[in-house]
Amino acid sequence: MSALLMVGVSCSDLNETPDYIGPNSFYKSANELKLGVNAIYDDLTMGNSDWFNYYYNRYVFECLVGFQVGWEKQPLQYNLGNVTGQDDVIEAYWGQSYRSINRANEILAVADQLVDPPNTALIARLKGEAYFLRAFYYYGLLSYFDNAPLTIKGTKDLSDLASNSGGTRAIIDQIYADCAAAIAVLPEAYTGADLGRANKWAAKTLLMKTQLWDQKWPEAKATAEDIIDNSGLTLFDDFSYNFDTDHENMGERIFEGQVSAKANANEYSNHSAHFNPEDLPTDDGGAGWSWLSATQDFRAAYDDADKRIAGTFVESYPTARTKKNSAGQYPIVHWSKTAPYNLSRFGGIVDPNADPNNPAELIFGKAWSGKLTEIRAGGSYTTTERNTIYFRLADVFLGHSEACNESQTGDATTGINAVRDRAGLDPVGALGKDAMRDAIVNERMQEFVFEQVLYPELRRKSTFGGTPDYLGDYIKHFSALYNVGRTPKAKDYVLPIPLKEILGNKNVTQNPQWK
């Protein structure tokens, strides 16, 4: 209390008007507006230096399904289905989403008042980016929560706090409006320093994904065909190009968070450090936390001929868990479906007593992520450079197949077979509606594992206790196979609105599954 009194006395004794930077004083030209828009992108990566950051939180949510497992506190609890409205990760994700939404709201408000005649076109483009980013973060809320509150103006005081009544419908409609505004002004591509910014095709992809969520099948089909036919984008011949550092912001990579530990020393946090093999030698990029991997069972479900395996999983690597071999080198271990495996922290790692000169003993069962780890001689887990992928063209192809199948119009095999052809797999033939839906879901699982979109996709396509129930099937399979003792419950199909939001905003009520 005394500190507050001291501040009050000090301020009242000032003879000058305090000078501070705020929205009304900072934004004088398009240059400042661009800096403000850049801040909206920050939550896509580590720009805000949050430990539980936006994309790591999505990694944790993914553990609700059971194909991805982890031994840090949060992933472990999600594997067990233990989620609460007081969860640190949920609170962080919710706060980051609305922080970025509010930033977009402020940018859109000041941009309308900005007078900078030489940069009128740039201001319009920056507004388009803000519209896209606001829609992107709202889609992120739609993906995990029912009836999140919608706000499209900056929050100034408690009277501005939004209700969440009818929030899902309101958010979907706002995403439609924001995507339309973004599509109208965003360029089709960027060059130079602007590479990686949201373009027209990113906005159209977001629109398609929202139409799928809204079950607007003809509209989603048309949007997907527009992207496929008119964007000039094609699938990479090599699946792994989607995740390396040599093909960033090009080809089928439609939208990605820009990551560079060279530019921001915090970037390594929660990137490869969480996904590195536990026993990777330090001088090959090892150390970190190594919490998250997929189950041996999930990896074993891939066709042996699937070309995605090499870009999706770490199939071999040098281990520091055994003695060095007769040549004085770390021996190379290889993934095997017959290697011992369990859900413990060290389950599925090579036996420390394995003969370092006997390849038959140098096997492991964990399915480490090849999309996220950066194993290289002389590397370090603190020098992450791989971008975080959010949208890519394969999603559009599978979205087209889904829209065709659900509407029973067009050719539902075209999109899925483009994805399978790149993977070196046989095409899917004519199937009934239910069988095709199953095939598309399975293809999504194998195409997008470790990209942190599968829990939302399964929840979108599932009905608790109904048909189909892909999410429930995955949970039951995981629980039975690994004796987890977990059964699907209604709460598994949606995250709770954070308790802090319920307590702090009288206009928000909890969804029925969590009351």
# chains A, B, ... in the order shown; residues from 1 in each chain; ligands from 1

$ residues_around --residues "Ala189 in chain A" --least-positions-apart "6" --cutoff "8 Å" --atoms "only C-alpha atoms" --output "list in words"
Leu195, Asn199 and Lys200 of chain A

$ closest_atom_pairs --of "range 289-365 of chain A" --to "range 415-435 of chain A" --cutoff "7 Å" --atoms "only C-alpha atoms" --output "JSON lines"
{"residue": "A:Ala305", "atom": "CA", "partner": "A:Gly424", "partner_atom": "CA", "distance": 6.8}
{"residue": "A:Asp306", "atom": "CA", "partner": "A:Ala423", "partner_atom": "CA", "distance": 5.4}
{"residue": "A:Lys307", "atom": "CA", "partner": "A:Ala423", "partner_atom": "CA", "distance": 4.7}
{"residue": "A:Arg308", "atom": "CA", "partner": "A:Ala423", "partner_atom": "CA", "distance": 5.6}

$ select_by_dssp --residues "range 212-326 of chain A" --states "strand (DSSP E)" --output "PyMOL selection string"
chain A and resi 253-257+292-294+316-318

$ write_last_selection --atoms "C-alpha atoms" --output "compact mmCIF listing (two decimals), in the first residue's frame"
# COMPACT_ATOMS: atom_id res chain seq x y z
CA ARG A 253 4.69 -24.25 -47.95
CA ILE A 254 1.80 -21.76 -47.88
CA PHE A 255 2.24 -20.22 -44.41
CA GLU A 256 4.91 -20.75 -41.76
CA GLY A 257 6.29 -19.09 -38.67
CA LEU A 292 7.85 -35.81 -27.13
CA SER A 293 7.65 -38.65 -29.64
CA ALA A 294 5.05 -40.83 -31.36
CA SER A 316 18.53 -43.75 -37.50
CA TYR A 317 20.97 -41.64 -35.52
CA PRO A 318 24.19 -41.91 -33.49

$ closest_atom_pairs --of "range 243-304 of chain A" --to "range 320-328 of chain A" --cutoff "8 Å" --atoms "only C-alpha atoms" --output "CSV"
residue,atom,partner,partner_atom,distance
A:Asp279,CA,A:Ala320,CA,5.4
A:Leu280,CA,A:Ala320,CA,6.0
A:Pro281,CA,A:Ala320,CA,5.1

$ atom_distance --atom1 "CA of Asp229 in chain A" --atom2 "CA of Ala394 in chain A"
13.8 Å

$ closest_residue --among "A:Ala310, A:Pro359, A:Asn242, A:Asp50" --to "His334 in chain A" --atoms "only C-alpha atoms"
A:Pro359

$ select_by_dssp --residues "range 130-335 of chain A" --states "alpha helix (DSSP H)" --output "ChimeraX atom specification"
/A:130-144,167-185,200-213,217-230,296-300,309-312

$ write_last_selection --atoms "C-alpha atoms" --output "PDB file, in the first residue's frame"
ATOM      1  CA  ALA A 130      -3.929  -7.950 -39.890  1.00  0.00           C
ATOM      2  CA  TYR A 131      -7.283  -9.288 -41.104  1.00  0.00           C
ATOM      3  CA  PHE A 132      -5.660 -12.617 -41.982  1.00  0.00           C
ATOM      4  CA  LEU A 133      -3.803 -12.891 -38.677  1.00  0.00           C
ATOM      5  CA  ARG A 134      -6.903 -12.075 -36.649  1.00  0.00           C
ATOM      6  CA  ALA A 135      -8.756 -14.793 -38.556  1.00  0.00           C
ATOM      7  CA  PHE A 136      -5.818 -17.186 -38.069  1.00  0.00           C
ATOM      8  CA  TYR A 137      -5.826 -16.785 -34.289  1.00  0.00           C
ATOM      9  CA  TYR A 138      -9.597 -17.080 -34.172  1.00  0.00           C
ATOM     10  CA  TYR A 139      -9.343 -20.301 -36.162  1.00  0.00           C
ATOM     11  CA  GLY A 140      -6.856 -21.492 -33.541  1.00  0.00           C
ATOM     12  CA  LEU A 141      -9.465 -20.863 -30.847  1.00  0.00           C
ATOM     13  CA  LEU A 142     -12.167 -22.541 -32.928  1.00  0.00           C
ATOM     14  CA  SER A 143      -9.900 -25.583 -33.258  1.00  0.00           C
ATOM     15  CA  TYR A 144      -9.826 -26.305 -29.524  1.00  0.00           C
ATOM     16  CA  GLY A 167     -19.311 -17.702 -29.885  1.00  0.00           C
ATOM     17  CA  THR A 168     -18.594 -20.529 -32.313  1.00  0.00           C
ATOM     18  CA  ARG A 169     -20.999 -19.211 -34.939  1.00  0.00           C
ATOM     19  CA  ALA A 170     -19.833 -15.637 -34.441  1.00  0.00           C
ATOM     20  CA  ILE A 171     -16.182 -16.621 -34.815  1.00  0.00           C
ATOM     21  CA  ILE A 172     -16.785 -18.634 -37.977  1.00  0.00           C
ATOM     22  CA  ASP A 173     -18.642 -15.725 -39.551  1.00  0.00           C
ATOM     23  CA  GLN A 174     -15.878 -13.309 -38.526  1.00  0.00           C
ATOM     24  CA  ILE A 175     -13.231 -15.554 -40.064  1.00  0.00           C
ATOM     25  CA  TYR A 176     -15.217 -15.502 -43.306  1.00  0.00           C
ATOM     26  CA  ALA A 177     -15.353 -11.701 -43.232  1.00  0.00           C
ATOM     27  CA  ASP A 178     -11.691 -11.285 -42.325  1.00  0.00           C
ATOM     28  CA  CYS A 179     -10.550 -13.747 -45.001  1.00  0.00           C
ATOM     29  CA  ALA A 180     -12.596 -11.920 -47.616  1.00  0.00           C
ATOM     30  CA  ALA A 181     -11.026  -8.601 -46.592  1.00  0.00           C
ATOM     31  CA  ALA A 182      -7.548 -10.141 -46.665  1.00  0.00           C
ATOM     32  CA  ILE A 183      -8.023 -11.874 -50.023  1.00  0.00           C
ATOM     33  CA  ALA A 184      -9.128  -8.595 -51.596  1.00  0.00           C
ATOM     34  CA  VAL A 185      -5.801  -6.836 -50.936  1.00  0.00           C
ATOM     35  CA  LYS A 200      -3.623 -14.339 -50.753  1.00  0.00           C
ATOM     36  CA  TRP A 201      -3.248 -18.126 -50.881  1.00  0.00           C
ATOM     37  CA  ALA A 202      -2.707 -18.340 -47.129  1.00  0.00           C
ATOM     38  CA  ALA A 203      -5.978 -16.449 -46.643  1.00  0.00           C
ATOM     39  CA  LYS A 204      -7.790 -18.726 -49.099  1.00  0.00           C
ATOM     40  CA  THR A 205      -6.412 -21.819 -47.360  1.00  0.00           C
ATOM     41  CA  LEU A 206      -7.678 -20.510 -44.030  1.00  0.00           C
ATOM     42  CA  LEU A 207     -11.034 -19.834 -45.659  1.00  0.00           C
ATOM     43  CA  MET A 208     -11.193 -23.407 -46.983  1.00  0.00           C
ATOM     44  CA  LYS A 209     -10.323 -24.881 -43.594  1.00  0.00           C
ATOM     45  CA  THR A 210     -13.069 -22.818 -41.959  1.00  0.00           C
ATOM     46  CA  GLN A 211     -15.586 -23.901 -44.593  1.00  0.00           C
ATOM     47  CA  LEU A 212     -14.713 -27.513 -43.840  1.00  0.00           C
ATOM     48  CA  TRP A 213     -15.236 -26.883 -40.137  1.00  0.00           C
ATOM     49  CA  TRP A 217     -18.947 -28.571 -48.537  1.00  0.00           C
ATOM     50  CA  PRO A 218     -19.663 -26.949 -51.934  1.00  0.00           C
ATOM     51  CA  GLU A 219     -17.962 -23.730 -50.830  1.00  0.00           C
ATOM     52  CA  ALA A 220     -14.916 -25.605 -49.496  1.00  0.00           C
ATOM     53  CA  LYS A 221     -14.687 -27.575 -52.733  1.00  0.00           C
ATOM     54  CA  ALA A 222     -14.743 -24.376 -54.797  1.00  0.00           C
ATOM     55  CA  THR A 223     -12.115 -22.668 -52.626  1.00  0.00           C
ATOM     56  CA  ALA A 224      -9.826 -25.699 -52.772  1.00  0.00           C
ATOM     57  CA  GLU A 225     -10.158 -25.858 -56.561  1.00  0.00           C
ATOM     58  CA  ASP A 226      -9.345 -22.163 -56.816  1.00  0.00           C
ATOM     59  CA  ILE A 227      -6.113 -22.683 -54.885  1.00  0.00           C
ATOM     60  CA  ILE A 228      -5.152 -25.860 -56.756  1.00  0.00           C
ATOM     61  CA  ASP A 229      -5.957 -24.453 -60.205  1.00  0.00           C
ATOM     62  CA  ASN A 230      -4.812 -20.845 -59.869  1.00  0.00           C
ATOM     63  CA  GLN A 296       5.980 -47.345 -31.937  1.00  0.00           C
ATOM     64  CA  ASP A 297       2.506 -48.539 -32.910  1.00  0.00           C
ATOM     65  CA  PHE A 298       1.753 -45.324 -34.820  1.00  0.00           C
ATOM     66  CA  ARG A 299       5.020 -45.525 -36.743  1.00  0.00           C
ATOM     67  CA  ALA A 300       4.459 -49.226 -37.516  1.00  0.00           C
ATOM     68  CA  ILE A 309       8.713 -41.966 -43.525  1.00  0.00           C
ATOM     69  CA  ALA A 310      12.160 -40.491 -44.144  1.00  0.00           C
ATOM     70  CA  GLY A 311      10.888 -36.921 -43.737  1.00  0.00           C
ATOM     71  CA  THR A 312       8.515 -37.673 -40.874  1.00  0.00           C
TER      72      THR A 312
END

$ residues_around --residues "Ala111 in chain A" --least-positions-apart "6" --cutoff "9 Å" --atoms "only C-alpha atoms" --output "NGL selection string"
:A and (27 or 30 or 33 or 123-124 or 126-127)

$ atom_distance --atom1 "CA of Leu108 in chain A" --atom2 "CA of Arg125 in chain A"
11.3 Å

$ atom_distance --atom1 "CA of Asp246 in chain A" --atom2 "CA of Asn57 in chain A"
26.5 Å

$ closest_atom_pairs --of "range 157-251 of chain A" --to "range 371-375 of chain A" --cutoff "12 Å" --atoms "only C-alpha atoms" --output "JSON lines"
{"residue": "A:Phe239", "atom": "CA", "partner": "A:Lys371", "partner_atom": "CA", "distance": 10.2}
{"residue": "A:Ser240", "atom": "CA", "partner": "A:Lys371", "partner_atom": "CA", "distance": 7.7}
{"residue": "A:Tyr241", "atom": "CA", "partner": "A:Lys371", "partner_atom": "CA", "distance": 9.8}
{"residue": "A:Asn242", "atom": "CA", "partner": "A:Lys371", "partner_atom": "CA", "distance": 8.4}
{"residue": "A:Phe243", "atom": "CA", "partner": "A:Lys371", "partner_atom": "CA", "distance": 5.7}
{"residue": "A:Asp244", "atom": "CA", "partner": "A:Lys371", "partner_atom": "CA", "distance": 7.9}
{"residue": "A:Thr245", "atom": "CA", "partner": "A:Glu374", "partner_atom": "CA", "distance": 9.9}

$ closest_residue --among "A:Asn147, A:Ser290, A:Ser344, A:Ser479" --to "Gly81 in chain A" --atoms "only C-alpha atoms"
A:Ser479

$ closest_residue --among "A:Gly347, A:Glu106, A:Asp438, A:Ala480" --to "Thr295 in chain A" --atoms "only C-alpha atoms"
A:Gly347

$ residues_around --residues "Gln452 in chain A" --least-positions-apart "2" --cutoff "6 Å" --atoms "only C-alpha atoms" --output "number ranges by chain"
A: 58-59, 450, 454

$ write_last_selection --atoms "C-alpha atoms" --output "PDB file, in the first residue's frame"
ATOM      1  CA  ARG A  58      -0.535 -27.132 -29.568  1.00  0.00           C
ATOM      2  CA  TYR A  59       2.073 -29.884 -29.184  1.00  0.00           C
ATOM      3  CA  PHE A 450       3.959 -33.768 -35.644  1.00  0.00           C
ATOM      4  CA  LEU A 454      -4.585 -33.811 -35.764  1.00  0.00           C
TER       5      LEU A 454
END

$ closest_residue --among "A:Leu161, A:Pro468, A:Glu252, A:Pro187" --to "Ala121 in chain A" --atoms "only C-alpha atoms"
A:Pro187

$ residues_around --residues "Val508 in chain A" --least-positions-apart "5" --cutoff "6 Å" --atoms "only C-alpha atoms" --output "VMD selection string"
chain A and resid 163 to 164 502

$ write_last_selection --atoms "C-alpha atoms" --output "compact mmCIF listing (two decimals), in the first residue's frame"
# COMPACT_ATOMS: atom_id res chain seq x y z
CA SER A 163 -19.82 -12.49 -24.23
CA ASN A 164 -19.26 -16.02 -25.49
CA ILE A 502 -14.61 -17.35 -16.28
